[in-house]
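What follows is data-v6.cif (mmCIF, C-alpha atoms).
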data_upload
#
loop_
_atom_site.label_atom_id
_atom_site.label_comp_id
_atom_site.auth_asym_id
_atom_site.auth_seq_id
_atom_site.Cartn_x
_atom_site.Cartn_y
_atom_site.Cartn_z
CA MET A 48 1.59 4.01 -3.36
CA SER A 49 0.50 6.09 -0.40
CA ILE A 50 0.65 3.92 2.71
CA ARG A 51 0.10 7.12 4.66
CA HIS A 52 -3.31 7.76 3.12
CA GLY A 53 -4.26 4.10 3.13
CA LEU A 54 -3.82 3.98 6.90
CA LEU A 55 -5.77 7.20 7.30
CA ALA A 56 -8.64 5.66 5.32
CA LEU A 57 -8.70 2.67 7.66
CA LEU A 58 -8.50 4.81 10.79
CA ASP A 59 -11.35 6.96 9.48
CA GLN A 60 -13.57 3.94 10.20
CA GLY A 61 -12.48 3.71 13.83
CA PRO A 62 -9.42 3.36 16.08
CA ARG A 63 -7.07 0.48 15.33
CA TYR A 64 -3.64 -0.75 16.33
CA GLY A 65 -0.72 -1.54 14.04
CA TYR A 66 -1.28 -5.22 13.35
CA GLN A 67 -4.98 -4.62 12.65
CA LEU A 68 -4.06 -1.91 10.16
CA ARG A 69 -1.60 -4.17 8.40
CA THR A 70 -4.12 -7.03 8.19
CA GLU A 71 -6.95 -4.85 6.91
CA PHE A 72 -4.73 -3.05 4.39
CA GLU A 73 -3.63 -6.37 2.90
CA ALA A 74 -7.19 -7.72 2.96
CA ARG A 75 -8.46 -4.80 0.89
CA THR A 76 -5.62 -4.87 -1.61
CA GLY A 77 -5.28 -8.65 -1.82
CA ALA A 78 -1.76 -8.43 -0.35
CA THR A 79 -0.65 -6.93 -3.67
CA TRP A 80 1.46 -4.43 -1.75
CA PRO A 81 2.44 -6.32 1.42
CA LEU A 82 3.30 -4.31 4.51
CA ASN A 83 5.31 -5.25 7.54
CA VAL A 84 4.38 -4.06 11.01
CA GLY A 85 7.51 -1.91 11.15
CA GLN A 86 6.34 0.09 8.12
CA VAL A 87 2.94 0.56 9.71
CA TYR A 88 4.28 1.87 13.00
CA THR A 89 6.84 4.10 11.29
CA THR A 90 4.04 5.65 9.24
CA LEU A 91 1.83 6.00 12.31
CA SER A 92 4.62 7.85 14.12
CA ARG A 93 4.92 10.30 11.25
CA LEU A 94 1.16 10.77 11.09
CA GLU A 95 1.09 11.45 14.84
CA ARG A 96 3.98 13.90 14.50
CA ASP A 97 2.05 15.74 11.77
CA GLY A 98 -1.10 15.88 13.90
CA LEU A 99 -3.11 13.59 11.59
CA VAL A 100 -3.58 10.77 14.09
CA GLU A 101 -3.44 10.56 17.86
CA ALA A 102 -3.01 7.86 20.49
CA ALA A 103 -6.36 6.43 21.56
CA GLY A 104 -5.45 4.22 24.52
CA GLU A 105 -4.49 0.58 24.90
CA ASP A 106 -6.41 -2.66 25.23
CA GLU A 107 -5.90 -5.30 27.91
CA GLU A 108 -3.12 -6.89 25.88
CA GLY A 109 -1.19 -3.64 25.61
CA HIS A 110 -1.95 -2.84 21.95
CA GLN A 111 -1.62 0.89 21.29
CA PHE A 112 -4.66 2.17 19.39
CA TYR A 113 -4.59 5.18 17.08
CA ALA A 114 -7.46 7.41 15.95
CA VAL A 115 -7.66 9.87 13.09
CA THR A 116 -7.89 13.58 13.96
CA ASP A 117 -9.95 16.26 12.23
CA ALA A 118 -6.78 17.31 10.40
CA GLY A 119 -6.29 13.70 9.34
CA ARG A 120 -9.84 13.51 7.96
CA ALA A 121 -9.25 16.72 6.01
CA GLU A 122 -6.01 15.27 4.62
CA LEU A 123 -7.84 12.09 3.62
CA ARG A 124 -10.67 13.96 1.88
CA ALA A 125 -8.13 16.09 0.00
CA TRP A 126 -6.39 12.89 -1.15
CA PHE A 127 -9.65 11.39 -2.42
CA ASP A 128 -10.60 14.65 -4.16
CA THR A 129 -7.24 15.21 -5.89
CA PRO A 130 -6.34 13.27 -9.06
CA VAL A 131 -3.10 11.29 -8.94
CA PRO A 132 -0.63 13.54 -10.79
CA ARG A 133 1.07 12.34 -13.97
CA THR A 134 3.52 15.26 -14.16
CA SER A 135 6.08 13.18 -12.25
CA PRO A 136 5.32 9.57 -13.19
CA PRO A 137 6.73 6.90 -10.88
CA ARG A 138 10.03 5.35 -11.88
CA ASP A 139 9.40 2.15 -13.79
CA GLU A 140 12.19 -0.37 -13.37
CA LEU A 141 11.47 -2.11 -16.68
CA ALA A 142 11.55 1.14 -18.67
CA ILE A 143 14.81 2.12 -16.98
CA LYS A 144 16.28 -1.35 -17.65
CA LEU A 145 15.50 -1.19 -21.39
CA ALA A 146 16.66 2.42 -21.66
CA MET A 147 20.01 1.36 -20.18
CA ALA A 148 20.20 -1.88 -22.17
CA VAL A 149 20.07 -0.12 -25.55
CA THR A 150 23.03 2.06 -24.54
CA VAL A 151 25.30 -0.65 -23.08
CA PRO A 152 27.41 -2.58 -25.59
CA GLY A 153 27.07 -6.34 -25.51
CA VAL A 154 23.54 -6.48 -24.12
CA ASP A 155 21.09 -8.58 -26.13
CA VAL A 156 18.13 -6.20 -25.81
CA SER A 157 15.83 -8.52 -27.77
CA ALA A 158 16.52 -11.29 -25.25
CA VAL A 159 15.71 -8.88 -22.41
CA VAL A 160 12.40 -7.98 -24.07
CA GLN A 161 11.47 -11.60 -24.78
CA GLY A 162 12.31 -12.71 -21.24
CA GLN A 163 10.18 -9.95 -19.77
CA ARG A 164 7.29 -10.76 -22.12
CA ARG A 165 7.28 -14.39 -20.97
CA HIS A 166 7.23 -13.24 -17.35
CA SER A 167 4.48 -10.68 -17.98
CA ILE A 168 2.29 -13.18 -19.86
CA LYS A 169 2.57 -15.62 -16.94
CA ALA A 170 1.66 -12.83 -14.50
CA LEU A 171 -1.32 -11.91 -16.65
CA GLN A 172 -2.50 -15.52 -16.62
CA ASP A 173 -2.15 -15.62 -12.81
CA TYR A 174 -4.11 -12.37 -12.38
CA THR A 175 -6.83 -13.63 -14.71
CA ARG A 176 -7.17 -16.86 -12.71
CA LEU A 177 -7.40 -14.88 -9.46
CA LYS A 178 -10.08 -12.68 -10.98
CA GLY A 179 -12.06 -15.75 -12.06
CA ARG A 180 -11.92 -17.11 -8.53
CA ALA A 181 -12.94 -13.77 -7.06
CA LEU A 182 -15.91 -13.51 -9.42
CA ALA A 183 -16.90 -17.04 -8.44
CA GLY A 184 -17.06 -15.91 -4.81
CA GLU A 185 -13.98 -17.83 -3.67
CA THR A 186 -12.57 -16.29 -0.49
CA ARG A 187 -8.85 -15.63 -0.33
CA PRO A 188 -7.02 -17.48 2.48
CA GLY A 189 -6.45 -15.38 5.58
CA THR A 190 -9.09 -12.76 4.75
CA VAL A 191 -12.46 -11.99 6.24
CA PRO A 192 -15.12 -12.22 3.50
CA SER A 193 -17.09 -9.03 2.94
CA GLU A 194 -18.75 -7.42 -0.03
CA SER A 195 -16.63 -4.26 0.19
CA ASN A 196 -13.35 -6.18 0.54
CA ASP A 197 -14.25 -8.39 -2.42
CA LEU A 198 -15.02 -5.35 -4.57
CA ALA A 199 -11.76 -3.68 -3.50
CA TRP A 200 -9.81 -6.81 -4.48
CA LEU A 201 -11.56 -6.99 -7.87
CA LEU A 202 -10.69 -3.36 -8.59
CA VAL A 203 -7.04 -4.03 -7.73
CA LEU A 204 -7.02 -7.13 -9.95
CA ASP A 205 -8.56 -5.19 -12.85
CA GLN A 206 -5.83 -2.57 -12.52
CA LEU A 207 -3.11 -5.24 -12.48
CA ILE A 208 -4.60 -6.95 -15.53
CA PHE A 209 -4.93 -3.73 -17.54
CA GLN A 210 -1.42 -2.64 -16.51
CA THR A 211 0.11 -5.98 -17.50
CA GLU A 212 -1.74 -6.04 -20.82
CA ALA A 213 -0.40 -2.56 -21.54
CA GLU A 214 3.10 -3.69 -20.58
CA ILE A 215 2.93 -6.60 -23.02
CA ARG A 216 1.75 -4.28 -25.82
CA TRP A 217 4.60 -1.91 -25.00
CA LEU A 218 7.10 -4.77 -25.13
CA ASP A 219 5.76 -5.74 -28.57
CA HIS A 220 6.21 -2.11 -29.62
CA CYS A 221 9.78 -2.12 -28.25
CA GLU A 222 10.61 -5.22 -30.25
CA THR A 223 9.25 -3.58 -33.41
CA ARG A 224 11.37 -0.50 -32.77
CA LEU A 225 14.47 -2.65 -32.21
CA ALA A 226 13.86 -4.44 -35.52
CA GLN A 227 13.39 -1.13 -37.34
CA GLN A 228 16.58 0.24 -35.78
CA ALA A 229 18.54 -2.87 -36.85
CA GLU A 230 17.26 -2.52 -40.43
CA LEU A 231 18.17 1.16 -40.46
CA GLN A 232 21.69 0.43 -39.22
CA GLN A 233 22.13 -2.28 -41.87
CA ALA A 234 20.94 0.10 -44.59
CA ARG A 235 23.35 2.81 -43.41
CA ALA A 236 26.23 0.33 -43.31
CA ALA A 237 25.44 -0.87 -46.85
CA GLU A 238 25.22 2.73 -48.07
CA ALA A 239 28.53 3.60 -46.44
CA ALA A 240 30.14 0.57 -48.08
CA ARG A 241 28.83 1.60 -51.51
CA ASP A 242 30.04 5.17 -51.02
CA GLY A 243 33.46 3.89 -50.00
CA ALA A 244 33.72 1.69 -53.06
CA ALA A 245 32.69 4.54 -55.38
CA LYS A 246 35.34 6.88 -53.96
CA LYS A 247 38.16 4.31 -54.16
CA PRO A 248 40.51 5.20 -57.08
CA GLY A 249 40.62 2.64 -59.90
CA ARG A 250 43.77 1.09 -61.30
CA LEU A 251 45.23 2.72 -64.47
CA GLY A 252 46.01 0.22 -67.18
CA ARG A 253 49.52 0.39 -68.70
CA ARG A 254 49.88 1.06 -72.43
CA THR A 255 52.15 -1.25 -74.32
CA ARG A 256 54.11 -0.08 -77.37
CA ALA A 257 53.90 -2.14 -80.53
#
What's the structure tokens form of this structure?
Amino acid sequence: MSIRHGLLALLDQGPRYGYQLRTEFEARTGATWPLNVGQVYTTLSRLERDGLVEAAGEDEEGHQFYAVTDAGRAELRAWFDTPVPRTSPPRDELAIKLAMAVTVPGVDVSAVVQGQRRHSIKALQDYTRLKGRALAGETRPGTVPSESNDLAWLLVLDQLIFQTEAEIRWLDHCETRLAQQAELQQARAAEAARDGAAKKPGRLGRRTRA
């Protein structure tokens, strides 16, 4: 997630100080990706260093305002115009966990998958309830109601729902693969046992003289 560009998008609408940026960012994303003020000011310092924002004075309470520069607006437009690349997909903790689990002896991978599925199904139910409330016009606590903010929150919820549904389908697929792998290993073990029995020399019976 690009906090950098998110802050530029907010500043493109007018000067703001750090706490305002944090509040508005969370309002538009439904606090899905919570920020702390330290993150905001660290990012603002880097943006100022890169010439994308500049100090824009203080208010009576001493809040330092920042404004976007022409270079910052160009950076923001380039971000909006450029597709998010898939050549280097973000690291997914769940995919890494399962990839490691199948290679570590003693790990019950099926239990890992089932536990994650239960968690993901609950998350999906929560997202669906939130979407129902949003569609009903229910305002989230701590947010200023506005048509644009409500639409932004719905888009984020849709993405979370689609992503979680895809995750659950992938977990089902993983479980199928695990079952197929177990069957294949059993078949190989049975075949190896049959081959071993066929190669084992038989006992020669002794002839008795009359």
Which residues come within 10 Å of Thr175 in chain A, counting all atoms listed in the file, excluding same-chain residues fewer than 3 positions away, as a ChimeraX atom specification?
-> /A:169-172,178-181,204-205,207-208
Go through A:Thr89, A:Leu145, A:Asp59, A:Gln161 one by one, measure the shortest atom-to-atom distance of each to Asp117 in chain A using all atoms listed in the file, and give the residue with the smallest value.
-> A:Asp59
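Using all atoms listed in the file for every distance, the candidate list A:His166, A:Gly53, A:Tyr174, A:Ala148 yields A:Gly53 as the residue closest to Phe127 in chain A.
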Minimum-distance residue to Phe112 in chain A, chosen among A:Pro132, A:Gly184, A:Gly65, A:Gly243 (using all atoms listed in the file) =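 Going through A:Pro132, A:Gly184, A:Gly65, A:Gly243 one by one, the smallest distance to Phe112 in chain A is for A:Gly65.
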Compile the contact shell of Tyr113 in chain A as a PyMOL selection string: residues with an atom at most 6 Å away, counting only C-alpha atoms, same-chain residues fewer than 5 positions apart removed.
-> chain A and resi 62-63+101-103
Determine, for each residue of range 154-190 of chain A having at least one atom at most 10 Å from an atom of range 212-230 of chain A, the closest pair of atoms and their separation in Å to one decimal, counting all atoms listed in the file; order by chain and ascending number, as a tab-separated table.
residue	atom	partner	partner_atom	distance
A:Val156	CA	A:Leu225	CA	8.2
A:Ser157	CA	A:Glu222	CA	6.7
A:Ala158	CA	A:Glu222	CA	9.8
A:Val159	CA	A:Leu218	CA	9.9
A:Val160	CA	A:Leu218	CA	6.3
A:Gln161	CA	A:Leu218	CA	8.1
A:Gln163	CA	A:Leu218	CA	8.1
A:Arg164	CA	A:Ile215	CA	6.1
A:Arg165	CA	A:Ile215	CA	9.2
A:His166	CA	A:Ile215	CA	9.7
A:Ser167	CA	A:Ile215	CA	6.7
A:Ile168	CA	A:Ile215	CA	7.3
A:Ala170	CA	A:Glu212	CA	9.9
A:Leu171	CA	A:Glu212	CA	7.2
Name every residue that the PyMOL selection byres ((chain A and resi 87) around 9) selects in this structure, writing the answer as a list in words with chains first and numbers rising.
-> Ile50, Arg51, Leu54, Gly65, Tyr66, Leu68, Arg69, Leu82, Asn83, Val84, Gly85, Gln86, Tyr88, Thr89, Thr90, Leu91 and Ser92 of chain A
Option closest in space to Val100 in chain A, from A:Ala78, A:Leu177, A:Ala121, A:Leu55 [counting only C-alpha atoms] = A:Leu55
Rounded to one decimal place, report the CA of Gln206 in chain A-CA of Gln60 in chain A distance in Å.
->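 Value for the CA of Gln206 in chain A-CA of Gln60 in chain A distance: 24.9 Å.
Of the residues listed (A:Lys144, A:Arg75, A:Arg241, A:His52), A:Arg75 shows the shortest atom-to-atom separation from Asn196 in chain A; distances use only C-alpha atoms.
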Return the single residue from A:Ala142, A:Val149, A:Leu182, A:Leu94 that is closest to Glu122 in chain A, with distances computed using all atoms listed in the file.
->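 Ranked by minimum distance to Glu122 in chain A, first place goes to A:Leu94.
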Any chance you could work out the residue set of the PyMOL selection byres ((chain A and resi 77) around 10) here, as a list in words?
->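 What the PyMOL selection byres ((chain A and resi 77) around 10) grabs from the file is Glu71, Phe72, Glu73, Ala74, Arg75, Thr76, Ala78, Thr79, Trp80, Pro81, Arg187, Pro188, Thr190, Asn196, Asp197, Ala199, Trp200, Leu201, Val203 and Leu204 of chain A.
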Output C-alpha atoms for every residue in the selection just made, as a PDB file, in the frame of the given file.
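again-v8.pdb written:
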ATOM      1  CA  GLU A  71      -6.950  -4.850   6.910  1.00  0.00           C
ATOM      2  CA  PHE A  72      -4.730  -3.050   4.390  1.00  0.00           C
ATOM      3  CA  GLU A  73      -3.630  -6.370   2.900  1.00  0.00           C
ATOM      4  CA  ALA A  74      -7.190  -7.720   2.960  1.00  0.00           C
ATOM      5  CA  ARG A  75      -8.460  -4.800   0.890  1.00  0.00           C
ATOM      6  CA  THR A  76      -5.620  -4.870  -1.610  1.00  0.00           C
ATOM      7  CA  ALA A  78      -1.760  -8.430  -0.350  1.00  0.00           C
ATOM      8  CA  THR A  79      -0.650  -6.930  -3.670  1.00  0.00           C
ATOM      9  CA  TRP A  80       1.460  -4.430  -1.750  1.00  0.00           C
ATOM     10  CA  PRO A  81       2.440  -6.320   1.420  1.00  0.00           C
ATOM     11  CA  ARG A 187      -8.850 -15.630  -0.330  1.00  0.00           C
ATOM     12  CA  PRO A 188      -7.020 -17.480   2.480  1.00  0.00           C
ATOM     13  CA  THR A 190      -9.090 -12.760   4.750  1.00  0.00           C
ATOM     14  CA  ASN A 196     -13.350  -6.180   0.540  1.00  0.00           C
ATOM     15  CA  ASP A 197     -14.250  -8.390  -2.420  1.00  0.00           C
ATOM     16  CA  ALA A 199     -11.760  -3.680  -3.500  1.00  0.00           C
ATOM     17  CA  TRP A 200      -9.810  -6.810  -4.480  1.00  0.00           C
ATOM     18  CA  LEU A 201     -11.560  -6.990  -7.870  1.00  0.00           C
ATOM     19  CA  VAL A 203      -7.040  -4.030  -7.730  1.00  0.00           C
ATOM     20  CA  LEU A 204      -7.020  -7.130  -9.950  1.00  0.00           C
TER      21      LEU A 204
END
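When CA of Ser195 in chain A is paired with CA of Ala118 in chain A, their separation reads 25.8 Å.
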What would range 71-82 of chain A look like with all heavy atoms restored, written as a CSV table (one decimal), in the coordinates of the input?
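Generated output (selection_24.csv):
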chain,number,residue,atom,x,y,z
A,71,GLU,N,-5.8,-5.4,7.7
A,71,GLU,CA,-7.0,-4.8,6.9
A,71,GLU,C,-6.5,-4.2,5.6
A,71,GLU,O,-7.1,-4.3,4.6
A,71,GLU,CB,-7.7,-3.8,7.7
A,71,GLU,CG,-8.5,-4.4,8.9
A,71,GLU,CD,-9.5,-3.4,9.5
A,71,GLU,OE1,-10.0,-2.6,8.8
A,71,GLU,OE2,-9.6,-3.5,10.7
A,72,PHE,N,-5.3,-3.6,5.6
A,72,PHE,CA,-4.7,-3.0,4.4
A,72,PHE,C,-4.5,-4.2,3.4
A,72,PHE,O,-4.9,-4.0,2.2
A,72,PHE,CB,-3.4,-2.3,4.7
A,72,PHE,CG,-2.8,-1.6,3.5
A,72,PHE,CD1,-3.1,-0.3,3.3
A,72,PHE,CD2,-2.0,-2.3,2.6
A,72,PHE,CE1,-2.5,0.3,2.2
A,72,PHE,CE2,-1.4,-1.7,1.5
A,72,PHE,CZ,-1.7,-0.4,1.3
A,73,GLU,N,-3.9,-5.3,3.8
A,73,GLU,CA,-3.6,-6.4,2.9
A,73,GLU,C,-4.9,-7.1,2.4
A,73,GLU,O,-5.0,-7.5,1.3
A,73,GLU,CB,-2.7,-7.4,3.6
A,73,GLU,CG,-1.3,-6.8,3.8
A,73,GLU,CD,-0.3,-7.8,4.2
A,73,GLU,OE1,-0.7,-8.9,4.6
A,73,GLU,OE2,0.9,-7.5,4.3
A,74,ALA,N,-5.9,-7.1,3.3
A,74,ALA,CA,-7.2,-7.7,3.0
A,74,ALA,C,-7.9,-6.9,1.8
A,74,ALA,O,-8.4,-7.5,0.9
A,74,ALA,CB,-8.1,-7.8,4.2
A,75,ARG,N,-7.8,-5.6,1.9
A,75,ARG,CA,-8.5,-4.8,0.9
A,75,ARG,C,-7.7,-4.7,-0.4
A,75,ARG,O,-8.3,-4.4,-1.5
A,75,ARG,CB,-8.7,-3.4,1.5
A,75,ARG,CG,-9.6,-3.5,2.7
A,75,ARG,CD,-10.0,-2.1,3.2
A,75,ARG,NE,-10.6,-2.2,4.5
A,75,ARG,CZ,-11.4,-1.3,5.0
A,75,ARG,NH1,-11.7,-0.2,4.4
A,75,ARG,NH2,-11.9,-1.5,6.2
A,76,THR,N,-6.4,-4.9,-0.4
A,76,THR,CA,-5.6,-4.9,-1.6
A,76,THR,C,-5.2,-6.2,-2.1
A,76,THR,O,-4.4,-6.4,-3.1
A,76,THR,CB,-4.4,-4.0,-1.4
A,76,THR,OG1,-3.5,-4.6,-0.4
A,76,THR,CG2,-4.8,-2.6,-1.0
A,77,GLY,N,-5.7,-7.3,-1.4
A,77,GLY,CA,-5.3,-8.6,-1.8
A,77,GLY,C,-3.8,-8.9,-1.6
A,77,GLY,O,-3.2,-9.8,-2.3
A,78,ALA,N,-3.2,-8.3,-0.6
A,78,ALA,CA,-1.8,-8.4,-0.4
A,78,ALA,C,-0.9,-8.1,-1.6
A,78,ALA,O,0.2,-8.6,-1.7
A,78,ALA,CB,-1.5,-9.8,0.2
A,79,THR,N,-1.4,-7.3,-2.5
A,79,THR,CA,-0.6,-6.9,-3.7
A,79,THR,C,0.6,-6.1,-3.3
A,79,THR,O,1.6,-6.2,-3.9
A,79,THR,CB,-1.5,-6.1,-4.6
A,79,THR,OG1,-2.7,-6.9,-5.0
A,79,THR,CG2,-0.8,-5.8,-5.9
A,80,TRP,N,0.4,-5.2,-2.3
A,80,TRP,CA,1.5,-4.4,-1.8
A,80,TRP,C,1.6,-4.8,-0.3
A,80,TRP,O,1.1,-4.1,0.6
A,80,TRP,CB,1.1,-2.9,-1.9
A,80,TRP,CG,0.9,-2.6,-3.3
A,80,TRP,CD1,1.8,-2.4,-4.3
A,80,TRP,CD2,-0.4,-2.3,-4.0
A,80,TRP,NE1,1.2,-2.1,-5.5
A,80,TRP,CE2,-0.1,-2.0,-5.3
A,80,TRP,CE3,-1.7,-2.3,-3.5
A,80,TRP,CZ2,-1.2,-1.7,-6.2
A,80,TRP,CZ3,-2.7,-2.1,-4.4
A,80,TRP,CH2,-2.4,-1.8,-5.7
A,81,PRO,N,2.3,-5.9,0.0
A,81,PRO,CA,2.4,-6.3,1.4
A,81,PRO,C,3.2,-5.3,2.3
A,81,PRO,O,4.1,-4.6,1.9
A,81,PRO,CB,3.2,-7.6,1.3
A,81,PRO,CG,3.9,-7.5,0.0
A,81,PRO,CD,3.1,-6.7,-0.9
A,82,LEU,N,2.7,-5.2,3.5
A,82,LEU,CA,3.3,-4.3,4.5
A,82,LEU,C,3.9,-5.1,5.6
A,82,LEU,O,3.3,-6.2,6.0
A,82,LEU,CB,2.3,-3.3,5.1
A,82,LEU,CG,1.6,-2.3,4.1
A,82,LEU,CD1,0.6,-1.5,4.9
A,82,LEU,CD2,2.6,-1.4,3.5
